[in-house]
file upload-v2.tsv (TSV, C-alpha atoms and all ligand atoms)
chain	number	residue	atom	x	y	z
O	34	MET	CA	-45.56	-31.06	-81.57
O	35	LYS	CA	-42.49	-30.16	-83.60
O	36	HIS	CA	-41.04	-33.05	-85.52
O	37	TRP	CA	-37.52	-32.15	-86.63
O	38	LEU	CA	-36.54	-33.15	-90.16
O	39	LEU	CA	-33.03	-31.77	-89.80
O	40	PRO	CA	-32.03	-32.54	-86.18
O	41	GLU	CA	-32.61	-29.77	-83.66
O	42	GLU	CA	-29.42	-30.69	-81.79
O	43	GLY	CA	-25.92	-30.37	-83.15
O	44	LYS	CA	-23.88	-28.15	-85.42
O	45	PHE	CA	-23.64	-27.94	-89.18
O	46	TYR	CA	-20.33	-29.23	-90.54
O	47	LYS	CA	-19.57	-28.33	-94.14
O	48	GLY	CA	-18.11	-31.13	-96.21
O	49	ASN	CA	-16.91	-32.11	-99.66
O	50	LEU	CA	-17.54	-35.81	-100.20
O	51	HIS	CA	-15.69	-36.30	-103.51
O	52	THR	CA	-11.99	-35.42	-103.75
O	53	HIS	CA	-8.97	-36.69	-105.68
O	54	THR	CA	-5.37	-36.05	-104.71
O	55	THR	CA	-1.88	-36.73	-106.02
O	56	LEU	CA	-2.44	-40.33	-104.84
O	57	SER	CA	-4.42	-40.81	-108.07
O	58	ASP	CA	-5.05	-38.06	-110.65
O	59	GLY	CA	-5.55	-34.96	-108.48
O	60	ARG	CA	-3.29	-31.89	-108.54
O	61	PHE	CA	-3.21	-31.32	-104.75
O	62	THR	CA	-1.67	-33.48	-102.04
O	63	PRO	CA	-3.98	-34.63	-99.22
O	64	GLU	CA	-2.33	-32.04	-96.94
O	65	GLU	CA	-2.97	-29.26	-99.49
O	66	ILE	CA	-6.60	-30.36	-99.79
O	67	LYS	CA	-6.99	-30.16	-96.02
O	68	LYS	CA	-5.52	-26.63	-96.00
O	69	LEU	CA	-7.56	-25.38	-98.98
O	70	TYR	CA	-10.89	-26.66	-97.64
O	71	SER	CA	-10.20	-25.71	-94.01
O	72	GLU	CA	-9.49	-22.13	-95.09
O	73	LYS	CA	-12.91	-22.02	-96.78
O	74	GLY	CA	-14.75	-23.14	-93.65
O	75	TYR	CA	-15.06	-26.84	-94.44
O	76	SER	CA	-14.71	-29.34	-91.58
O	77	VAL	CA	-15.06	-32.61	-93.54
O	78	VAL	CA	-13.41	-33.92	-96.70
O	79	ALA	CA	-13.89	-37.42	-98.06
O	80	PHE	CA	-10.76	-38.57	-99.91
O	81	THR	CA	-12.02	-40.60	-102.86
O	82	ASP	CA	-8.92	-41.35	-104.91
O	83	HIS	CA	-9.51	-43.57	-107.91
O	84	ASP	CA	-9.55	-47.31	-107.19
O	85	ILE	CA	-7.35	-47.34	-104.10
O	86	PHE	CA	-8.58	-47.08	-100.51
O	87	LEU	CA	-5.97	-45.19	-98.50
O	88	PRO	CA	-7.05	-44.02	-95.02
O	89	HIS	CA	-6.17	-40.46	-94.04
O	90	ASN	CA	-6.90	-40.53	-90.31
O	91	ASP	CA	-3.58	-38.74	-89.71
O	92	LEU	CA	-5.15	-35.58	-91.18
O	93	SER	CA	-8.05	-35.54	-88.70
O	94	ASP	CA	-7.90	-33.26	-85.68
O	95	GLY	CA	-10.35	-31.26	-83.57
O	96	SER	CA	-11.45	-29.06	-86.47
O	97	PHE	CA	-10.99	-31.30	-89.52
O	98	LEU	CA	-12.25	-34.78	-90.32
O	99	ALA	CA	-10.92	-36.91	-93.17
O	100	LEU	CA	-13.40	-39.55	-94.36
O	101	ASN	CA	-11.87	-42.65	-95.92
O	102	SER	CA	-13.19	-43.78	-99.26
O	103	HIS	CA	-12.36	-44.48	-102.88
O	104	GLU	CA	-13.98	-44.18	-106.30
O	105	VAL	CA	-14.52	-47.24	-108.48
O	106	GLU	CA	-14.99	-47.08	-112.27
O	107	ILE	CA	-16.56	-49.88	-114.30
O	108	THR	CA	-16.44	-49.32	-118.06
O	109	GLU	CA	-18.62	-50.94	-120.69
O	110	VAL	CA	-16.99	-53.16	-123.29
O	111	PHE	CA	-17.25	-51.28	-126.56
O	112	ARG	CA	-15.07	-50.60	-129.55
O	113	GLY	CA	-13.38	-47.26	-129.95
O	114	SER	CA	-12.27	-44.41	-127.79
O	115	GLY	CA	-12.91	-44.23	-124.08
O	116	ASN	CA	-14.85	-41.05	-124.65
O	117	PHE	CA	-17.71	-43.06	-126.17
O	118	LYS	CA	-17.95	-45.63	-123.40
O	119	ARG	CA	-20.51	-45.57	-120.63
O	120	GLN	CA	-19.09	-45.99	-117.15
O	121	TYR	CA	-20.37	-46.56	-113.64
O	122	HIS	CA	-18.50	-44.40	-111.15
O	123	LEU	CA	-19.26	-45.14	-107.51
O	124	ASN	CA	-17.75	-43.85	-104.28
O	125	PHE	CA	-17.38	-46.32	-101.42
O	126	TYR	CA	-17.15	-44.70	-97.95
O	127	ALA	CA	-16.04	-46.48	-94.78
O	128	LYS	CA	-18.47	-46.09	-91.87
O	129	ARG	CA	-15.70	-46.65	-89.35
O	130	HIS	CA	-12.37	-44.85	-89.07
O	131	ASP	CA	-10.48	-48.10	-88.50
O	132	ALA	CA	-11.50	-49.78	-91.78
O	133	GLU	CA	-8.16	-50.66	-93.37
O	134	PHE	CA	-9.18	-52.15	-96.72
O	135	SER	CA	-11.90	-51.80	-99.29
O	136	PRO	CA	-14.19	-54.82	-99.60
O	137	VAL	CA	-14.57	-54.17	-103.36
O	138	PHE	CA	-10.94	-53.63	-104.36
O	139	SER	CA	-9.56	-55.04	-107.60
O	140	GLU	CA	-6.03	-54.38	-108.74
O	141	SER	CA	-7.24	-54.86	-112.32
O	142	ARG	CA	-8.97	-51.46	-112.15
O	143	VAL	CA	-6.07	-49.43	-110.77
O	144	TRP	CA	-4.82	-47.17	-113.58
O	145	ALA	CA	-3.31	-44.05	-111.99
O	146	PRO	CA	0.49	-44.51	-111.66
O	147	ALA	CA	0.53	-43.00	-108.15
O	148	ALA	CA	-2.19	-45.44	-107.05
O	149	LYS	CA	-0.48	-48.46	-108.69
O	150	GLU	CA	2.63	-47.82	-106.60
O	151	ARG	CA	0.61	-48.12	-103.43
O	152	VAL	CA	-1.11	-51.45	-104.02
O	153	THR	CA	-0.05	-53.90	-101.29
O	154	ASP	CA	-0.25	-57.68	-100.94
O	155	GLU	CA	-2.91	-57.21	-98.23
O	156	MET	CA	-5.07	-55.27	-100.72
O	157	ARG	CA	-4.54	-57.97	-103.37
O	158	LYS	CA	-6.33	-60.51	-101.16
O	159	THR	CA	-9.55	-58.84	-102.34
O	160	ASP	CA	-10.31	-59.01	-106.05
O	161	ILE	CA	-13.87	-57.97	-106.86
O	162	VAL	CA	-13.61	-57.28	-110.57
O	163	GLY	CA	-17.13	-56.17	-111.57
O	164	TYR	CA	-18.41	-55.63	-115.10
O	165	TYR	CA	-20.81	-53.28	-116.85
O	166	SER	CA	-24.23	-54.57	-115.79
O	167	THR	CA	-26.65	-53.56	-113.07
O	168	ASP	CA	-26.43	-57.07	-111.57
O	169	SER	CA	-22.69	-56.75	-111.20
O	170	ILE	CA	-22.89	-53.20	-109.83
O	171	ASN	CA	-25.59	-54.32	-107.38
O	172	THR	CA	-23.22	-57.07	-106.21
O	173	LEU	CA	-20.55	-54.47	-105.47
O	174	ILE	CA	-23.07	-52.31	-103.60
O	175	ARG	CA	-24.29	-55.30	-101.58
O	176	ILE	CA	-20.75	-56.39	-100.65
O	177	ALA	CA	-19.98	-52.82	-99.56
O	178	ASN	CA	-23.18	-52.49	-97.52
O	179	GLU	CA	-22.51	-55.82	-95.80
O	180	ASN	CA	-18.97	-54.79	-94.93
O	181	GLY	CA	-19.42	-51.40	-93.29
O	182	PHE	CA	-19.33	-49.15	-96.33
O	183	PHE	CA	-21.97	-46.94	-97.97
O	184	VAL	CA	-22.11	-46.12	-101.65
O	185	MET	CA	-22.72	-43.06	-103.81
O	186	TYR	CA	-23.53	-43.23	-107.52
O	187	ASN	CA	-21.58	-40.46	-109.25
O	188	HIS	CA	-22.26	-38.04	-112.13
O	189	PRO	CA	-24.62	-40.06	-114.40
O	190	VAL	CA	-24.48	-37.38	-117.12
O	191	TRP	CA	-20.68	-37.42	-117.49
O	192	SER	CA	-20.90	-41.21	-117.40
O	193	LEU	CA	-23.21	-41.13	-120.49
O	194	GLN	CA	-25.81	-43.12	-118.56
O	195	ASN	CA	-29.54	-43.27	-118.95
O	196	TYR	CA	-32.59	-44.63	-117.17
O	197	ARG	CA	-31.81	-48.22	-118.18
O	198	ASP	CA	-28.34	-47.97	-116.64
O	199	TYR	CA	-29.41	-46.78	-113.19
O	200	THR	CA	-33.06	-47.62	-112.63
O	201	ARG	CA	-32.37	-51.12	-111.32
O	202	LEU	CA	-29.54	-50.11	-108.99
O	203	ARG	CA	-30.39	-51.12	-105.43
O	204	GLY	CA	-29.02	-50.22	-102.03
O	205	LEU	CA	-27.33	-46.93	-102.94
O	206	TRP	CA	-26.86	-44.43	-100.13
O	207	GLY	CA	-26.58	-41.40	-102.40
O	208	ILE	CA	-26.47	-39.99	-105.89
O	209	GLU	CA	-24.80	-36.86	-107.22
O	210	VAL	CA	-27.20	-34.17	-108.40
O	211	PHE	CA	-24.36	-31.67	-108.76
O	212	ASN	CA	-20.65	-32.25	-109.43
O	213	THR	CA	-18.47	-29.14	-109.75
O	214	GLY	CA	-15.93	-30.81	-112.03
O	215	CYS	CA	-18.64	-32.08	-114.39
O	216	VAL	CA	-20.37	-28.68	-114.45
O	217	GLY	CA	-17.01	-27.18	-115.43
O	218	SER	CA	-16.76	-29.63	-118.32
O	219	GLY	CA	-20.27	-28.77	-119.54
O	220	LEU	CA	-21.75	-32.16	-118.56
O	221	VAL	CA	-24.27	-30.96	-115.99
O	222	ASP	CA	-26.18	-33.39	-113.77
O	223	THR	CA	-29.82	-32.97	-112.77
O	224	VAL	CA	-32.16	-34.24	-110.06
O	225	GLN	CA	-33.98	-36.55	-112.49
O	226	PRO	CA	-32.00	-39.77	-111.84
O	227	PHE	CA	-32.38	-39.13	-108.09
O	228	VAL	CA	-36.15	-38.72	-108.49
O	229	ASP	CA	-36.35	-41.77	-110.77
O	230	LEU	CA	-34.67	-43.93	-108.11
O	231	LEU	CA	-36.94	-42.50	-105.38
O	232	ARG	CA	-39.89	-43.54	-107.54
O	233	GLU	CA	-38.43	-47.04	-107.63
O	234	GLY	CA	-38.75	-47.03	-103.84
O	235	GLU	CA	-35.02	-46.53	-103.19
O	236	ARG	CA	-34.14	-44.44	-100.13
O	237	LEU	CA	-31.10	-42.63	-101.39
O	238	PHE	CA	-29.97	-39.05	-100.79
O	239	PRO	CA	-29.07	-36.20	-103.20
O	240	LEU	CA	-25.46	-35.02	-103.08
O	241	CYS	CA	-23.62	-31.92	-104.28
O	242	THR	CA	-19.86	-32.47	-104.48
O	243	ASP	CA	-16.75	-30.96	-106.06
O	244	ASP	CA	-15.07	-34.09	-107.48
O	245	THR	CA	-11.93	-32.07	-106.93
O	246	HIS	CA	-9.07	-32.68	-109.34
O	247	GLY	CA	-7.50	-29.22	-109.60
O	248	PRO	CA	-7.99	-25.50	-109.01
O	249	GLY	CA	-10.93	-25.34	-111.45
O	250	ASP	CA	-13.24	-27.53	-109.38
O	251	LEU	CA	-13.05	-26.26	-105.84
O	252	PHE	CA	-15.93	-25.15	-103.58
O	253	GLY	CA	-18.90	-25.51	-105.98
O	254	GLY	CA	-21.03	-28.17	-104.24
O	255	TRP	CA	-21.06	-29.38	-100.65
O	256	VAL	CA	-23.01	-30.97	-97.83
O	257	GLN	CA	-23.96	-29.45	-94.50
O	258	ILE	CA	-23.94	-32.30	-91.99
O	259	ARG	CA	-25.91	-31.85	-88.79
O	260	ALA	CA	-24.02	-33.70	-86.06
O	261	ARG	CA	-23.12	-33.46	-82.38
O	262	ASP	CA	-19.39	-33.36	-83.01
O	263	LEU	CA	-16.67	-34.13	-85.57
O	264	ASP	CA	-16.03	-37.67	-84.40
O	265	TYR	CA	-15.65	-40.00	-87.44
O	266	GLU	CA	-18.45	-42.42	-86.54
O	267	THR	CA	-20.76	-39.59	-85.43
O	268	VAL	CA	-20.37	-37.90	-88.81
O	269	THR	CA	-20.78	-41.06	-90.90
O	270	GLY	CA	-23.79	-41.97	-88.72
O	271	ALA	CA	-25.37	-38.59	-89.55
O	272	LEU	CA	-24.62	-39.14	-93.25
O	273	VAL	CA	-26.12	-42.63	-93.25
O	274	ARG	CA	-29.28	-41.40	-91.46
O	275	GLY	CA	-29.61	-38.47	-93.87
O	276	ASP	CA	-29.02	-35.76	-91.26
O	277	PHE	CA	-27.69	-33.33	-93.84
O	278	TYR	CA	-28.61	-31.28	-96.88
O	279	SER	CA	-26.66	-30.57	-100.05
O	280	SER	CA	-26.03	-27.16	-101.55
O	281	THR	CA	-24.38	-25.08	-104.24
O	282	GLY	CA	-25.16	-21.83	-102.39
O	283	PRO	CA	-28.18	-21.42	-100.08
O	284	GLU	CA	-28.28	-22.42	-96.43
O	285	ILE	CA	-31.08	-24.34	-94.73
O	286	ARG	CA	-30.92	-23.47	-91.05
O	287	GLU	CA	-34.00	-25.20	-89.67
O	288	LEU	CA	-36.47	-27.73	-91.00
O	289	TYR	CA	-39.35	-29.21	-89.05
O	290	ILE	CA	-43.03	-30.09	-89.36
O	291	GLU	CA	-45.71	-29.06	-86.89
O	292	ASP	CA	-49.48	-29.46	-87.21
O	293	GLY	CA	-49.33	-30.18	-90.93
O	294	ASN	CA	-47.07	-27.21	-91.70
O	295	VAL	CA	-43.45	-27.52	-92.76
O	296	HIS	CA	-41.29	-24.76	-91.29
O	297	ILE	CA	-38.10	-23.99	-93.16
O	298	GLU	CA	-35.59	-21.29	-92.29
O	299	THR	CA	-32.97	-20.39	-94.87
O	300	SER	CA	-30.42	-17.79	-95.93
O	301	GLU	CA	-31.80	-15.04	-98.22
O	302	VAL	CA	-33.28	-16.89	-101.19
O	303	ARG	CA	-35.57	-16.40	-104.19
O	304	GLU	CA	-37.82	-19.41	-103.77
O	305	ILE	CA	-38.55	-22.45	-101.67
O	306	LEU	CA	-40.17	-25.57	-103.08
O	307	ALA	CA	-41.87	-28.56	-101.48
O	308	ILE	CA	-42.10	-31.39	-104.02
O	309	SER	CA	-43.85	-34.74	-103.61
O	310	ASP	CA	-43.73	-37.97	-105.59
O	311	TRP	CA	-47.10	-37.16	-107.15
O	312	ARG	CA	-48.64	-34.03	-108.67
O	313	PHE	CA	-48.46	-32.05	-105.46
O	314	ALA	CA	-45.93	-29.26	-105.00
O	315	LYS	CA	-45.78	-25.85	-103.36
O	316	ARG	CA	-43.64	-22.99	-104.56
O	317	ILE	CA	-43.07	-20.04	-102.22
O	318	LYS	CA	-41.55	-17.13	-104.11
O	319	ALA	CA	-40.13	-13.75	-103.15
O	320	GLY	CA	-41.57	-10.68	-104.87
O	321	ASP	CA	-39.78	-9.22	-107.89
O	322	GLY	CA	-36.06	-8.89	-107.12
O	323	GLY	CA	-36.68	-9.51	-103.43
O	324	SER	CA	-35.80	-12.39	-101.16
O	325	ILE	CA	-37.25	-14.51	-98.38
O	326	SER	CA	-35.46	-16.30	-95.56
O	327	GLY	CA	-37.95	-19.03	-94.80
O	328	ALA	CA	-41.48	-20.25	-95.27
O	329	VAL	CA	-44.32	-22.05	-93.56
O	330	ILE	CA	-45.63	-24.55	-96.09
O	331	PRO	CA	-49.00	-26.23	-95.48
O	332	VAL	CA	-48.71	-29.89	-96.40
O	333	GLY	CA	-51.52	-31.29	-94.24
O	334	GLY	CA	-53.76	-33.65	-96.18
O	335	VAL	CA	-50.93	-34.85	-98.40
O	336	GLU	CA	-50.49	-37.92	-96.26
O	337	LYS	CA	-54.20	-38.77	-96.28
O	338	LYS	CA	-54.38	-38.54	-100.05
O	339	ALA	CA	-51.24	-40.63	-100.44
O	340	LEU	CA	-52.53	-43.29	-98.04
O	341	GLU	CA	-56.22	-43.29	-99.01
O	342	LEU	CA	-55.40	-43.71	-102.65
O	343	ASP	CA	-52.74	-46.20	-101.67
O	344	HIS	CA	-50.71	-44.25	-104.17
O	345	ASN	CA	-47.32	-45.33	-103.00
O	346	GLY	CA	-47.89	-46.07	-99.33
O	347	ASP	CA	-44.85	-45.10	-97.34
O	348	ASP	CA	-42.83	-44.69	-100.53
O	349	SER	CA	-44.64	-41.36	-100.87
O	350	PHE	CA	-42.41	-38.48	-99.92
O	351	LEU	CA	-41.86	-34.77	-99.73
O	352	ARG	CA	-38.53	-33.15	-100.47
O	353	PHE	CA	-37.43	-29.52	-100.49
O	354	GLU	CA	-35.40	-27.33	-102.80
O	355	VAL	CA	-34.23	-23.78	-102.15
O	356	VAL	CA	-33.04	-21.40	-104.88
O	357	ASP	CA	-31.15	-18.16	-104.26
O	358	ASN	CA	-31.00	-15.05	-106.43
O	359	ALA	CA	-27.91	-16.34	-108.24
O	360	GLY	CA	-29.79	-19.52	-109.19
O	361	MET	CA	-27.77	-21.64	-106.75
O	362	LYS	CA	-29.72	-24.45	-105.08
O	363	ALA	CA	-29.96	-26.47	-101.90
O	364	TYR	CA	-31.58	-29.91	-101.76
O	365	THR	CA	-32.94	-31.88	-98.84
O	366	ARG	CA	-33.39	-35.59	-98.92
O	367	ALA	CA	-36.85	-37.05	-99.45
O	368	TYR	CA	-38.84	-37.40	-96.23
O	369	ARG	CA	-41.23	-40.35	-96.27
O	370	ILE	CA	-44.82	-40.01	-95.17
O	371	SER	CA	-44.08	-42.14	-92.08
O	372	GLU	CA	-41.40	-39.64	-91.02
O	373	LEU	CA	-43.57	-36.60	-91.66
O	374	PHE	CA	-46.70	-38.01	-90.05
O	375	PRO	CA	-45.47	-40.65	-87.58
O	376	GLU	CA	-48.84	-40.63	-85.78
O	377	LEU	CA	-50.38	-42.39	-88.79
O	378	PHE	CA	-48.01	-45.34	-88.62
Q	1	ZN	ZN	-15.98	-40.15	-111.47
Q	2	ZN	ZN	-14.18	-38.52	-109.02
call {"tool": "encode", "arguments": {"input": "upload-v2.tsv", "output": "structure tokens", "more": "lines below"}}
Ligand SMILES: [Zn+2]
Ligand SMILES: [Zn+2]
result
Amino acid sequence: MKHWLLPEEGKFYKGNLHTHTTLSDGRFTPEEIKKLYSEKGYSVVAFTDHDIFLPHNDLSDGSFLALNSHEVEITEVFRGSGNFKRQYHLNFYAKRHDAEFSPVFSESRVWAPAAKERVTDEMRKTDIVGYYSTDSINTLIRIANENGFFVMYNHPVWSLQNYRDYTRLRGLWGIEVFNTGCVGSGLVDTVQPFVDLLREGERLFPLCTDDTHGPGDLFGGWVQIRARDLDYETVTGALVRGDFYSSTGPEIRELYIEDGNVHIETSEVREILAISDWRFAKRIKAGDGGSISGAVIPVGGVEKKALELDHNGDDSFLRFEVVDNAGMKAYTRAYRISELFPELF
């Protein structure tokens, strides 16, 4: 029986989940962002202006969905220039379209002049300051999760962060593995922090985003969300479940498992990888200079080894990466053994 890893039903909606506008330090107005991304075939943009949660439901229509969110920055206390300081940057996304306020707002963090002007007395009723420690960041994440928001941990490389800074974070929904703006600056993220947190047992998803500020960081990294329609709660529901993949180029059109074989259908690509949490991986490669558009990857037995050895129990996983001839990549989330082999659980 086919067990679909990306849902069989629905359409793919392309989205950029990290965008700044003239309401903080971006160059484009929200309306210009909608136009730019719509013209490139995007259906979803999350507006993540720095420190201020300003809903953009007025921009949503039958072919475009604005997700409401904001980015929070917590900087370490340290002498000297800001360029030496580690920071936590996190995006907080509202699950529901009618969320009016952020549960983790603090006026003390608002620095962009355009955002300062828009702080209201209603917003000021919330003052969750936060400081540079994993305990404090985990408190912010917990408050968000308890109040209808989900949280992405942004660009660890740009933030000068290491294993000690992120390994104890708990309850994250996602983590950036690619950020167009950071790539442009030369501070290039990797999958390693994502994998490290998976190994901690966290169930977070890998994200490719633009972190749009100006013309130099458009259209580099995106998500393809598999959903029935463009309704706000339908799309955030798909995001929260992990019904999407992230990409900087390749497409993943189908992904399912049947009789111990993973079937993956893609655009024309150079290689397809299945990667587990232990020393098991499969790499399907096109011949010299050629391409493939899918693979059938035998993974039967993986689950038995993982369970027999009690290696990680259901924290064991398989995830997939696809690489095209330009070196661009697509990433799936990690699928747990219980999802891949439900008959064993
Ligand atoms: Zn940031
Ligand atoms: Zn940002």
call {"tool": "residues_near_ligand", "arguments": {"input": "upload-v2.tsv", "ligand": "ligand ZN 2 (chain Q)", "cutoff": "10 Å", "atoms": "all atoms listed in the file", "output": "MDAnalysis selection string"}}
result
chainID O and resid 50:53 58:59 80:83 103:106 122:124 187:188 212 214:215 242:246
call {"tool": "atom_distance", "arguments": {"input": "upload-v2.tsv", "atom1": "atom CA of O:Gly48", "atom2": "atom CA of O:Gln257"}}
result
6.3 Å
call {"tool": "residues_around", "arguments": {"input": "upload-v2.tsv", "residues": "stretch 333-339 of chain O", "least_positions_apart": "4", "cutoff": "12 Å", "atoms": "only C-alpha atoms", "output": "PDB file with C-alpha atoms, in the coordinates of the input"}}
result
ATOM      1  CA  ILE O 290     -43.030 -30.090 -89.360  1.00  0.00           C
ATOM      2  CA  GLU O 291     -45.710 -29.060 -86.890  1.00  0.00           C
ATOM      3  CA  ASP O 292     -49.480 -29.460 -87.210  1.00  0.00           C
ATOM      4  CA  GLY O 293     -49.330 -30.180 -90.930  1.00  0.00           C
ATOM      5  CA  ASN O 294     -47.070 -27.210 -91.700  1.00  0.00           C
ATOM      6  CA  VAL O 295     -43.450 -27.520 -92.760  1.00  0.00           C
ATOM      7  CA  ALA O 307     -41.870 -28.560-101.480  1.00  0.00           C
ATOM      8  CA  ILE O 308     -42.100 -31.390-104.020  1.00  0.00           C
ATOM      9  CA  SER O 309     -43.850 -34.740-103.610  1.00  0.00           C
ATOM     10  CA  ASP O 310     -43.730 -37.970-105.590  1.00  0.00           C
ATOM     11  CA  TRP O 311     -47.100 -37.160-107.150  1.00  0.00           C
ATOM     12  CA  ARG O 312     -48.640 -34.030-108.670  1.00  0.00           C
ATOM     13  CA  PHE O 313     -48.460 -32.050-105.460  1.00  0.00           C
ATOM     14  CA  ALA O 314     -45.930 -29.260-105.000  1.00  0.00           C
ATOM     15  CA  LYS O 315     -45.780 -25.850-103.360  1.00  0.00           C
ATOM     16  CA  VAL O 329     -44.320 -22.050 -93.560  1.00  0.00           C
ATOM     17  CA  ASP O 343     -52.740 -46.200-101.670  1.00  0.00           C
ATOM     18  CA  HIS O 344     -50.710 -44.250-104.170  1.00  0.00           C
ATOM     19  CA  ASN O 345     -47.320 -45.330-103.000  1.00  0.00           C
ATOM     20  CA  GLY O 346     -47.890 -46.070 -99.330  1.00  0.00           C
ATOM     21  CA  ASP O 347     -44.850 -45.100 -97.340  1.00  0.00           C
ATOM     22  CA  ASP O 348     -42.830 -44.690-100.530  1.00  0.00           C
ATOM     23  CA  SER O 349     -44.640 -41.360-100.870  1.00  0.00           C
ATOM     24  CA  PHE O 350     -42.410 -38.480 -99.920  1.00  0.00           C
ATOM     25  CA  LEU O 351     -41.860 -34.770 -99.730  1.00  0.00           C
ATOM     26  CA  TYR O 368     -38.840 -37.400 -96.230  1.00  0.00           C
ATOM     27  CA  ARG O 369     -41.230 -40.350 -96.270  1.00  0.00           C
ATOM     28  CA  ILE O 370     -44.820 -40.010 -95.170  1.00  0.00           C
ATOM     29  CA  SER O 371     -44.080 -42.140 -92.080  1.00  0.00           C
ATOM     30  CA  GLU O 372     -41.400 -39.640 -91.020  1.00  0.00           C
ATOM     31  CA  LEU O 373     -43.570 -36.600 -91.660  1.00  0.00           C
ATOM     32  CA  PHE O 374     -46.700 -38.010 -90.050  1.00  0.00           C
ATOM     33  CA  PRO O 375     -45.470 -40.650 -87.580  1.00  0.00           C
ATOM     34  CA  GLU O 376     -48.840 -40.630 -85.780  1.00  0.00           C
ATOM     35  CA  LEU O 377     -50.380 -42.390 -88.790  1.00  0.00           C
ATOM     36  CA  PHE O 378     -48.010 -45.340 -88.620  1.00  0.00           C
TER      37      PHE O 378
END
call {"tool": "closest_residue", "arguments": {"input": "upload-v2.tsv", "among": "O:Phe61, O:Gly320, O:His130, O:Leu272", "to": "O:Asp91", "atoms": "only C-alpha atoms"}}
result
O:His130
call {"tool": "residues_around", "arguments": {"input": "upload-v2.tsv", "residues": "O:Arg142", "least_positions_apart": "5", "cutoff": "12 Å", "atoms": "only C-alpha atoms", "output": "list of chain:residue names"}}
result
O:His83, O:Asp84, O:Ile85, O:Glu104, O:Val105, O:Glu106, O:Ile107, O:Thr108, O:His122, O:Val137, O:Ala148, O:Lys149, O:Val152, O:Arg157, O:Asp160, O:Ile161, O:Val162, O:Gly163, O:Tyr164
call {"tool": "closest_residue", "arguments": {"input": "upload-v2.tsv", "among": "O:Thr55, O:Thr269, O:Asn358, O:Asn101", "to": "O:Ser300", "atoms": "only C-alpha atoms"}}
result
O:Asn358
call {"tool": "closest_residue", "arguments": {"input": "upload-v2.tsv", "among": "O:Leu98, O:Leu230, O:Val355, O:Val302", "to": "O:Arg197", "atoms": "all atoms listed in the file"}}
result
O:Leu230
call {"tool": "closest_residue", "arguments": {"input": "upload-v2.tsv", "among": "O:Asp154, O:Glu209, O:Asp168, O:Asp198", "to": "ligand ZN 1 (chain Q)", "atoms": "only C-alpha atoms and all ligand atoms"}}
result
O:Glu209
call {"tool": "atom_distance", "arguments": {"input": "upload-v2.tsv", "atom1": "atom CA of O:Leu38", "atom2": "atom CA of O:Ser280"}}
result
16.6 Å
call {"tool": "atom_distance", "arguments": {"input": "upload-v2.tsv", "atom1": "atom CA of O:Leu202", "atom2": "atom CA of O:Thr167"}}
result
6.1 Å
call {"tool": "closest_residue", "arguments": {"input": "upload-v2.tsv", "among": "O:Leu92, O:Ile66, O:Met185, O:Val268", "to": "ligand ZN 1 (chain Q)", "atoms": "all atoms listed in the file"}}
result
O:Met185
call {"tool": "residues_near_point", "arguments": {"input": "upload-v2.tsv", "point": "(-14.8, -22.2, -94.1)", "cutoff": "12 Å", "atoms": "only C-alpha atoms", "output": "list of chain:residue names"}}
result
O:Phe45, O:Tyr46, O:Lys47, O:Gly48, O:Asn49, O:Lys67, O:Lys68, O:Leu69, O:Tyr70, O:Ser71, O:Glu72, O:Lys73, O:Gly74, O:Tyr75, O:Ser76, O:Val77, O:Ser96, O:Phe97, O:Phe252, O:Trp255, O:Gln257
call {"tool": "closest_residue", "arguments": {"input": "upload-v2.tsv", "among": "O:Leu251, O:Met361, O:Ala367, O:Ile208", "to": "ligand ZN 1 (chain Q)", "atoms": "only C-alpha atoms and all ligand atoms"}}
result
O:Ile208
call {"tool": "residues_near_point", "arguments": {"input": "upload-v2.tsv", "point": "(-29.3, -31.9, -109.2)", "cutoff": "8 Å", "atoms": "all atoms listed in the file", "output": "JSON, numbers by chain"}}
result
{"O": [209, 210, 211, 222, 223, 224, 225, 227, 239, 240, 241]}
